[in-house]
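Dropping my_file-v4.tsv in here (TSV, C-alpha atoms):
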chain	number	residue	atom	x	y	z
A	207	MET	CA	67.15	79.58	149.40
A	208	SER	CA	66.07	77.52	146.46
A	209	SER	CA	62.52	76.55	145.61
A	210	THR	CA	63.36	72.99	146.68
A	211	ASP	CA	64.26	74.24	150.17
A	212	TRP	CA	60.97	76.16	150.40
A	213	PHE	CA	59.06	73.08	149.27
A	214	LEU	CA	60.84	70.90	151.85
A	215	LEU	CA	60.15	73.44	154.61
A	216	LEU	CA	56.45	73.57	153.70
A	217	LEU	CA	56.33	69.78	153.57
A	218	LEU	CA	58.06	69.61	156.95
A	219	LEU	CA	55.56	72.10	158.38
A	220	LEU	CA	52.67	70.00	157.07
A	221	VAL	CA	54.17	66.83	158.57
A	222	TYR	CA	54.70	68.71	161.86
A	223	VAL	CA	51.04	69.77	162.05
A	224	ILE	CA	49.78	66.28	161.18
A	225	THR	CA	52.07	64.45	163.61
A	226	ARG	CA	51.26	66.97	166.35
A	227	SER	CA	47.56	66.18	165.99
A	228	TRP	CA	48.37	62.45	166.03
A	229	ILE	CA	50.29	62.90	169.28
A	230	VAL	CA	47.39	64.83	170.84
A	231	ASP	CA	44.93	62.13	169.74
A	232	ALA	CA	47.14	59.31	171.03
A	233	ILE	CA	47.56	60.99	174.41
A	234	GLU	CA	43.80	61.58	174.59
A	235	ARG	CA	43.06	57.91	173.83
A	236	ILE	CA	45.54	56.67	176.41
A	237	ALA	CA	44.30	59.15	179.02
A	238	ILE	CA	40.68	58.11	178.47
A	239	SER	CA	41.51	54.38	178.56
A	240	LYS	CA	43.45	54.82	181.82
A	241	ASN	CA	40.99	57.31	183.33
A	242	THR	CA	43.84	59.79	183.81
A	243	PRO	CA	43.26	63.13	185.56
A	244	MET	CA	43.31	66.23	183.35
A	245	GLN	CA	46.39	67.70	185.06
A	246	ARG	CA	48.49	64.62	184.29
A	247	LYS	CA	47.27	64.46	180.71
A	248	LEU	CA	48.20	68.11	180.14
A	249	MET	CA	51.66	67.61	181.66
A	250	ILE	CA	52.40	64.64	179.38
A	251	ARG	CA	51.05	66.54	176.37
A	252	GLN	CA	53.35	69.47	177.13
A	253	ILE	CA	56.43	67.24	177.48
A	254	MET	CA	55.63	65.46	174.21
A	255	HIS	CA	55.07	68.80	172.41
A	256	VAL	CA	58.47	70.11	173.53
A	257	ALA	CA	60.24	66.95	172.32
A	258	HIS	CA	58.25	66.96	169.06
A	259	SER	CA	59.00	70.64	168.40
A	260	ALA	CA	62.71	70.19	169.16
A	261	LEU	CA	62.91	67.38	166.62
A	262	PHE	CA	61.26	69.47	163.91
A	263	ILE	CA	63.40	72.52	164.68
A	264	PHE	CA	66.45	70.32	164.19
A	265	LEU	CA	65.07	68.99	160.88
A	266	ALA	CA	64.25	72.53	159.69
A	267	SER	CA	67.78	73.68	160.51
A	268	VAL	CA	69.17	70.82	158.42
A	269	ILE	CA	66.92	71.83	155.49
A	270	LEU	CA	67.99	75.48	155.84
A	271	GLY	CA	71.59	74.39	155.45
A	272	ILE	CA	72.92	75.29	158.85
A	273	ASP	CA	76.40	73.81	159.05
A	274	TYR	CA	75.86	70.38	160.61
A	275	GLY	CA	79.29	70.29	162.27
A	276	LYS	CA	78.82	73.64	164.00
A	277	PHE	CA	75.29	72.70	165.01
A	278	VAL	CA	76.50	69.44	166.59
A	279	VAL	CA	79.24	71.31	168.49
A	280	PHE	CA	76.68	73.83	169.74
A	281	MET	CA	74.21	71.14	170.83
A	282	SER	CA	76.86	69.02	172.54
A	283	SER	CA	78.10	72.09	174.42
A	284	ALA	CA	74.57	72.97	175.46
A	285	PHE	CA	73.91	69.41	176.65
A	286	ALA	CA	77.22	69.35	178.54
A	287	ILE	CA	76.32	72.57	180.38
A	288	LEU	CA	72.81	71.28	181.02
A	289	GLY	CA	74.22	67.96	182.26
A	290	VAL	CA	76.55	69.69	184.72
A	291	ALA	CA	73.72	71.95	185.89
A	292	LEU	CA	71.37	69.01	186.42
A	293	PHE	CA	73.95	66.65	187.92
A	294	ALA	CA	72.97	67.59	191.46
A	295	GLN	CA	69.31	67.33	190.49
A	296	TRP	CA	69.44	63.99	188.65
A	297	SER	CA	66.69	62.57	190.82
A	298	ILE	CA	64.29	65.30	189.68
A	299	LEU	CA	65.02	64.48	186.05
A	300	SER	CA	64.70	60.73	186.65
A	301	ASN	CA	61.38	61.24	188.47
A	302	LEU	CA	60.06	63.33	185.58
A	303	THR	CA	61.14	60.68	183.07
A	304	ALA	CA	59.59	57.97	185.25
A	305	GLY	CA	56.38	60.04	185.34
A	306	VAL	CA	56.17	59.85	181.54
A	307	VAL	CA	56.83	56.09	181.61
A	308	ILE	CA	54.17	55.64	184.29
A	309	PHE	CA	51.65	57.54	182.15
A	310	PHE	CA	52.06	55.09	179.27
A	311	LYS	CA	52.82	51.76	180.98
A	312	PHE	CA	51.89	51.83	184.69
A	313	PRO	CA	49.60	48.85	185.45
A	314	TYR	CA	47.92	50.51	188.45
A	315	ARG	CA	45.35	53.29	188.56
A	316	ILE	CA	44.05	55.83	191.03
A	317	GLY	CA	41.89	53.98	193.54
A	318	ASP	CA	43.84	50.69	193.36
A	319	ARG	CA	45.13	49.19	196.61
A	320	ILE	CA	48.80	48.29	196.36
A	321	ARG	CA	51.64	47.03	198.50
A	322	ILE	CA	55.16	48.17	197.72
A	323	VAL	CA	57.48	45.37	198.78
A	324	ASN	CA	59.84	46.75	201.41
A	325	LYS	CA	61.37	44.76	204.26
A	326	ASP	CA	61.81	47.76	206.55
A	327	PHE	CA	58.29	49.22	206.68
A	328	ASP	CA	54.73	48.72	205.47
A	329	LEU	CA	53.90	50.56	202.25
A	330	THR	CA	50.34	49.38	201.76
A	331	GLY	CA	47.53	51.70	200.78
A	332	MET	CA	45.32	53.13	198.08
A	333	ILE	CA	46.73	55.19	195.21
A	334	GLU	CA	45.26	58.64	195.66
A	335	GLU	CA	47.12	60.58	192.96
A	336	ILE	CA	49.85	60.04	190.36
A	337	THR	CA	51.79	63.24	189.65
A	338	SER	CA	54.75	63.99	187.42
A	339	PHE	CA	57.24	63.38	190.26
A	340	HIS	CA	55.59	61.03	192.76
A	341	VAL	CA	52.70	58.73	193.61
A	342	LEU	CA	50.52	59.60	196.61
A	343	ILE	CA	49.43	56.54	198.58
A	344	ARG	CA	46.89	56.75	201.42
A	345	HIS	CA	47.81	54.25	204.14
A	346	ALA	CA	45.03	52.44	206.05
A	347	ASN	CA	45.85	54.48	209.17
A	348	GLY	CA	45.19	57.70	207.24
A	349	GLU	CA	48.77	58.77	206.59
A	350	LEU	CA	49.59	60.07	203.12
A	351	ILE	CA	52.74	58.47	201.71
A	352	THR	CA	54.60	60.31	198.95
A	353	TYR	CA	56.59	57.77	196.92
A	354	PRO	CA	58.96	58.89	194.12
A	355	ASN	CA	58.13	57.75	190.59
A	356	ASN	CA	61.62	56.41	189.88
A	357	LEU	CA	61.46	54.17	192.97
A	358	ILE	CA	58.00	52.81	192.19
A	359	LEU	CA	59.34	51.65	188.82
A	360	GLN	CA	62.32	49.95	190.48
A	361	THR	CA	60.60	48.11	193.35
A	362	PRO	CA	58.08	45.27	193.19
A	363	VAL	CA	54.47	46.39	193.60
A	364	ILE	CA	51.62	44.00	194.46
A	365	LYS	CA	48.07	44.91	193.50
A	366	LEU	CA	45.68	43.98	196.30
A	367	SER	CA	41.94	43.58	196.25
A	368	ASN	CA	40.09	46.77	197.17
A	369	THR	CA	39.05	45.56	200.62
A	370	PRO	CA	41.29	47.05	203.33
A	371	ASP	CA	41.62	43.80	205.28
A	372	SER	CA	42.95	41.75	202.36
A	373	THR	CA	46.26	40.10	203.04
A	374	LEU	CA	48.67	38.18	200.91
A	375	GLN	CA	49.83	34.75	202.07
A	376	LEU	CA	53.59	34.72	201.72
A	377	ASN	CA	54.26	31.99	204.28
A	378	PRO	CA	55.96	29.06	202.51
A	379	ALA	CA	54.79	26.67	205.26
A	380	ASP	CA	51.18	27.24	204.13
A	381	ASN	CA	52.10	26.16	200.62
A	382	GLU	CA	53.83	23.01	201.87
A	383	LYS	CA	50.61	21.86	203.58
A	384	LYS	CA	48.69	22.13	200.31
A	385	ARG	CA	51.20	20.25	198.13
A	386	PRO	CA	50.77	16.52	197.63
A	387	ALA	CA	53.55	14.40	199.03
A	388	ILE	CA	56.05	13.15	196.48
A	389	GLU	CA	57.02	9.55	197.02
A	390	SER	CA	60.59	8.54	196.40
A	391	ASP	CA	61.71	5.16	195.12
Mind turning this structure into structure tokens?
Amino acid sequence: MSSTDWFLLLLLLLVYVITRSWIVDAIERIAISKNTPMQRKLMIRQIMHVAHSALFIFLASVILGIDYGKFVVFMSSAFAILGVALFAQWSILSNLTAGVVIFFKFPYRIGDRIRIVNKDFDLTGMIEEITSFHVLIRHANGELITYPNNLILQTPVIKLSNTPDSTLQLNPADNEKKRPAIESD
């Protein structure tokens, strides 16, 4: 290895340490602003560290001169095997991915009353916990509803006021009574 390679590896290590601390700080800020439980914050931090480390291992292997073609063949083979292994468990992977998305961009918090729009049954209640795979919703009758993260991102969710007897007026006839009559020529 040349001195340039050593310098690039040391520079890469320095960038790795700095960006790792930035990631930790960013996750801390987001967790504090969203009042996120410690368990969820640690789970997101761990997922981000694995992705961050994998990226820097790849960059270090490029600096070390590992044959790029062979490395790509190895990685594509590994991903193909992993894809076949996880094919039956795709919902687990999608729920985990949705859990990360929910951590950063979910507009509802623990303690919010929500209604998940579903024509077949009532999914109204208070968010009790948001985990890496599902959201726990406490229904007004006391039942605990476990709703998968990937579904909560795909279905409409209405945030209700925090009083249990609040209802949402969805009757179009009520709106017609409030509209002024439009006169035609």
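Each of A:Ile358, A:Met207, A:Ala232, A:Leu218 was compared to Gly305 (chain A) using only C-alpha atoms, and A:Ile358 turns out to be the nearest.
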Practice task
Counting all atoms listed in the file, note down every residue that has an atom within 10 Å of the point (49.0, 59.0, 180.4) (file coordinates), as a list in words.
Solution key: Ala232, Ile233, Glu234, Arg235, Ile236, Ala237, Ile238, Ser239, Lys240, Asn241, Thr242, Pro243, Met244, Arg246, Lys247, Leu248, Met249, Ile250, Arg251, Gly305, Val306, Val307, Ile308, Phe309, Phe310, Lys311 and Phe312 of chain A
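Counting all atoms listed in the file and comparing A:Ala346, A:Leu265, A:Leu359, A:Leu216, the residue that lies closest to Pro313 (chain A) is A:Leu359.
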Problem - Spatial neighbours of His340 (chain A), max dist 9 Å, only C-alpha atoms, sep filter under 5 positions, as a list in words - result: Asn301, Leu302, Gly305, Glu335, Thr352, Tyr353, Pro354, Asn355, Asn356 and Ile358 of chain A
Handout entry: Proximity to Gly317 (chain A) - best of A:Leu329, A:Leu270, A:Glu349, A:Lys365, only C-alpha atoms
Key = A:Lys365
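For the residues A:Ile320, A:Gln252, A:Ser267, A:Ala257, ranking by smallest atom-to-atom distance to Asp211 (chain A) using only C-alpha atoms places A:Ser267 first.
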Can you report as AutoDock Vina command-line options the centre and edge lengths in Å, to one decimal, of an axis-aligned box around the listed atoms of region 234-246 of chain A padded with 6 Å on each side?
--center_x 44.6 --center_y 61.0 --center_z 179.7 --size_x 19.8 --size_y 25.3 --size_z 23.7
Handout entry: Residue nearest Val323 (chain A) among A:Trp212, A:Phe280, A:Leu357, A:Val256 (counting all atoms listed in the file)
Key = A:Leu357
Exercise for the section: Go through A:Gln245, A:Thr303, A:Ser338, A:Ser259 one by one, measure the shortest atom-to-atom distance of each to Leu219 (chain A) using only C-alpha atoms, and give the residue with the smallest value. Expected result: A:Ser259
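For the pair CA of Ile333 (chain A) and CA of Gln360 (chain A), the interatomic distance is 17.1 Å.
Computed from the coordinates, the CA of Ile316 (chain A) to CA of Ile336 (chain A) distance equals 7.2 Å.
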Practice task
Have a look at CA of Arg321 (chain A) and CA of Leu366 (chain A) and let me know their distance in Å, one decimal.
Solution key: 7.0 Å
